[in-house]
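To be precise, the following lines are structure-v5.cif, and they hold mmCIF, C-alpha atoms.
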data_protein
#
loop_
_atom_site.group_PDB
_atom_site.id
_atom_site.type_symbol
_atom_site.label_atom_id
_atom_site.label_comp_id
_atom_site.auth_asym_id
_atom_site.auth_seq_id
_atom_site.Cartn_x
_atom_site.Cartn_y
_atom_site.Cartn_z
ATOM 1 C CA MET A 1138 13.817 -54.784 312.876
ATOM 2 C CA LYS A 1139 12.736 -55.835 309.403
ATOM 3 C CA THR A 1140 9.854 -58.200 308.653
ATOM 4 C CA ASN A 1141 9.346 -60.738 305.897
ATOM 5 C CA LYS A 1142 7.461 -58.037 303.932
ATOM 6 C CA ASP A 1143 10.776 -56.150 303.608
ATOM 7 C CA PHE A 1144 12.566 -59.228 302.257
ATOM 8 C CA GLU A 1145 13.170 -59.532 298.512
ATOM 9 C CA TYR A 1146 14.029 -62.986 297.259
ATOM 10 C CA LYS A 1147 14.023 -65.139 294.161
ATOM 11 C CA LYS A 1148 10.650 -66.838 294.201
ATOM 12 C CA THR A 1149 10.542 -70.545 293.536
ATOM 13 C CA ASN A 1150 7.894 -72.573 291.740
ATOM 14 C CA TYR A 1151 7.834 -75.009 294.642
ATOM 15 C CA PRO A 1152 5.285 -74.537 297.451
ATOM 16 C CA LEU A 1153 6.417 -74.247 301.063
ATOM 17 C CA TYR A 1154 5.075 -76.971 303.393
ATOM 18 C CA ILE A 1155 5.096 -77.989 307.027
ATOM 19 C CA VAL A 1156 5.028 -81.793 307.294
ATOM 20 C CA VAL A 1157 4.191 -83.561 310.564
ATOM 21 C CA TRP A 1158 5.435 -87.146 310.545
ATOM 22 C CA LYS A 1159 6.109 -90.150 312.753
ATOM 23 C CA ASP A 1160 9.851 -90.435 313.279
ATOM 24 C CA HIS A 1161 11.645 -93.720 313.799
ATOM 25 C CA THR A 1162 13.851 -93.819 316.856
ATOM 26 C CA ALA A 1163 16.703 -96.009 318.033
ATOM 27 C CA ASP A 1164 18.426 -96.661 321.334
ATOM 28 C CA SER A 1165 21.602 -98.655 321.859
ATOM 29 C CA SER A 1166 21.287 -98.977 325.640
ATOM 30 C CA TRP A 1167 20.234 -102.097 327.520
ATOM 31 C CA LYS A 1168 16.548 -102.159 328.504
ATOM 32 C CA SER A 1169 14.077 -104.589 329.979
ATOM 33 C CA LEU A 1170 11.254 -105.995 327.859
ATOM 34 C CA GLU A 1171 8.807 -103.881 329.882
ATOM 35 C CA GLU A 1172 10.744 -100.704 329.069
ATOM 36 C CA ILE A 1173 10.920 -101.644 325.399
ATOM 37 C CA THR A 1174 7.185 -102.237 325.097
ATOM 38 C CA LYS A 1175 6.547 -98.727 326.488
ATOM 39 C CA GLU A 1176 8.706 -97.065 323.815
ATOM 40 C CA LYS A 1177 6.809 -94.830 321.378
ATOM 41 C CA TYR A 1178 7.605 -93.027 318.154
ATOM 42 C CA ILE A 1179 7.972 -89.259 318.255
ATOM 43 C CA LEU A 1180 6.448 -86.628 315.982
ATOM 44 C CA ALA A 1181 8.803 -84.607 313.809
ATOM 45 C CA TYR A 1182 8.013 -81.289 312.123
ATOM 46 C CA SER A 1183 9.782 -80.513 308.851
ATOM 47 C CA ILE A 1184 9.493 -77.247 306.951
ATOM 48 C CA GLY A 1185 10.615 -76.988 303.346
ATOM 49 C CA TYR A 1186 9.868 -76.533 299.688
ATOM 50 C CA LEU A 1187 8.011 -79.499 298.191
ATOM 51 C CA LEU A 1188 10.235 -80.530 295.283
ATOM 52 C CA HIS A 1189 8.659 -83.886 294.457
ATOM 53 C CA GLN A 1190 6.149 -86.421 295.669
ATOM 54 C CA ASP A 1191 5.066 -89.829 294.475
ATOM 55 C CA LYS A 1192 3.027 -92.689 295.932
ATOM 56 C CA GLU A 1193 5.767 -93.542 298.464
ATOM 57 C CA CYS A 1194 7.363 -90.287 299.643
ATOM 58 C CA VAL A 1195 7.615 -86.515 299.625
ATOM 59 C CA LYS A 1196 10.896 -84.666 299.081
ATOM 60 C CA LEU A 1197 11.439 -81.278 300.706
ATOM 61 C CA CYS A 1198 14.432 -78.967 300.668
ATOM 62 C CA ASN A 1199 15.036 -76.249 303.236
ATOM 63 C CA THR A 1200 17.400 -74.131 301.138
ATOM 64 C CA TYR A 1201 17.602 -72.987 297.541
ATOM 65 C CA THR A 1202 20.097 -70.666 295.869
ATOM 66 C CA SER A 1203 19.840 -67.896 293.299
ATOM 67 C CA ASP A 1204 21.575 -70.173 290.752
ATOM 68 C CA ASP A 1205 18.992 -72.993 291.126
ATOM 69 C CA GLY A 1206 20.811 -75.133 293.677
ATOM 70 C CA TYR A 1207 18.782 -77.091 296.259
ATOM 71 C CA GLY A 1208 20.009 -78.347 299.633
ATOM 72 C CA GLY A 1209 18.864 -79.697 302.972
ATOM 73 C CA LEU A 1210 16.847 -82.580 301.522
ATOM 74 C CA ASP A 1211 14.225 -84.366 303.629
ATOM 75 C CA LEU A 1212 12.804 -87.552 302.119
ATOM 76 C CA ILE A 1213 9.747 -88.535 304.175
ATOM 77 C CA LEU A 1214 7.802 -91.757 303.654
ATOM 78 C CA LYS A 1215 4.100 -91.078 303.083
ATOM 79 C CA SER A 1216 3.207 -93.954 305.403
ATOM 80 C CA CYS A 1217 4.744 -91.893 308.252
ATOM 81 C CA ILE A 1218 3.033 -88.576 307.421
ATOM 82 C CA VAL A 1219 0.337 -87.429 309.851
ATOM 83 C CA GLU A 1220 -0.436 -83.999 308.335
ATOM 84 C CA MET A 1221 0.806 -81.666 305.592
ATOM 85 C CA TYR A 1222 0.160 -77.913 305.667
ATOM 86 C CA MET A 1223 0.894 -75.589 302.758
ATOM 87 C CA VAL A 1224 2.349 -72.269 303.940
ATOM 88 C CA GLU A 1225 0.916 -69.386 301.944
ATOM 89 C CA MET A 1226 3.498 -66.852 300.815
ATOM 90 C CA GLU A 1227 2.594 -63.461 299.400
#
Is it possible to express this structure as structure tokens?
Amino acid sequence: MKTNKDFEYKKTNYPLYIVVWKDHTADSSWKSLEEITKEKYILAYSIGYLLHQDKECVKLCNTYTSDDGYGGLDLILKSCIVEMYMVEME
């Protein structure tokens, strides 16, 4: 089995991040008011290359191509972000 040290790839100028954020949820079923008040948000964990950030959001992609294409975009509102961790790559 090969490891990531055996992998050759086109390096990108964008850092790799893990972002922990509060995800909005929805439910179309009928519930009582008591059940509704107990509902909570869930934490989501996104991993991707940080392409852009501004005062409102961060934009990650999970895939890039050798011809400079970017896909798998996650746009996450900063008001929902709990933590951001930069993944160090050798």
Problem - All residues 8 Å or closer to range 1206-1213 of chain A, all atoms listed in the file, same chain fewer than 2 positions away omitted, as a VMD selection string - result: chain A and resid 1158 1183 1194 to 1204 1215 1217 to 1218
Practice task
Just the residues within 12 Å of range 1173-1176 of chain A, please, counting only C-alpha atoms, with nothing from its chain fewer than 6 positions along; format it as a PyMOL selection string.
Solution key: chain A and resi 1161-1167
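The interatomic distance for the pair CA of Tyr1154 in chain A and CA of Tyr1178 in chain A works out to 22.0 Å.
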Exercise for the section: Run the PyMOL selection byres ((chain A and resi 1153) around 10) on the file and write out the hits as a PyMOL selection string. Expected result: chain A and resi 1149-1152+1154-1156+1184-1188+1197-1199+1222-1226
Edge lengths and centre, in Å to one decimal, as JSON: that's what I need for the box along x, y and z that holds all listed atoms of range 1206-1220 of chain A plus 3 Å on each side.
{"center_x": 10.2, "center_y": -84.5, "center_z": 301.8, "size_x": 27.2, "size_y": 24.8, "size_z": 22.2}
Exercise for the section: Identify which of the residues A:Glu1193, A:Glu1171, A:Asp1205, A:Glu1220 lies closest to Val1157 in chain A, counting only C-alpha atoms when measuring atom-to-atom distances. Expected result: A:Glu1220
Practice task
Could you check how far CA of Ser1216 in chain A sits from CA of Ser1169 in chain A, in Å to one decimal?
Solution key: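 Here the two named atoms are 28.9 Å from each other.
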Problem - Length of the CA of Met1221 in chain A to CA of Asp1191 in chain A vector [Å] - result: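 CA of Asp1191 in chain A lies at a distance of 14.4 Å from CA of Met1221 in chain A.
Take the candidates A:Val1219, A:Gln1190, A:Glu1172, A:Met1138 and check each one against Lys1159 in chain A using only C-alpha atoms; the shortest distance goes to A:Val1219.
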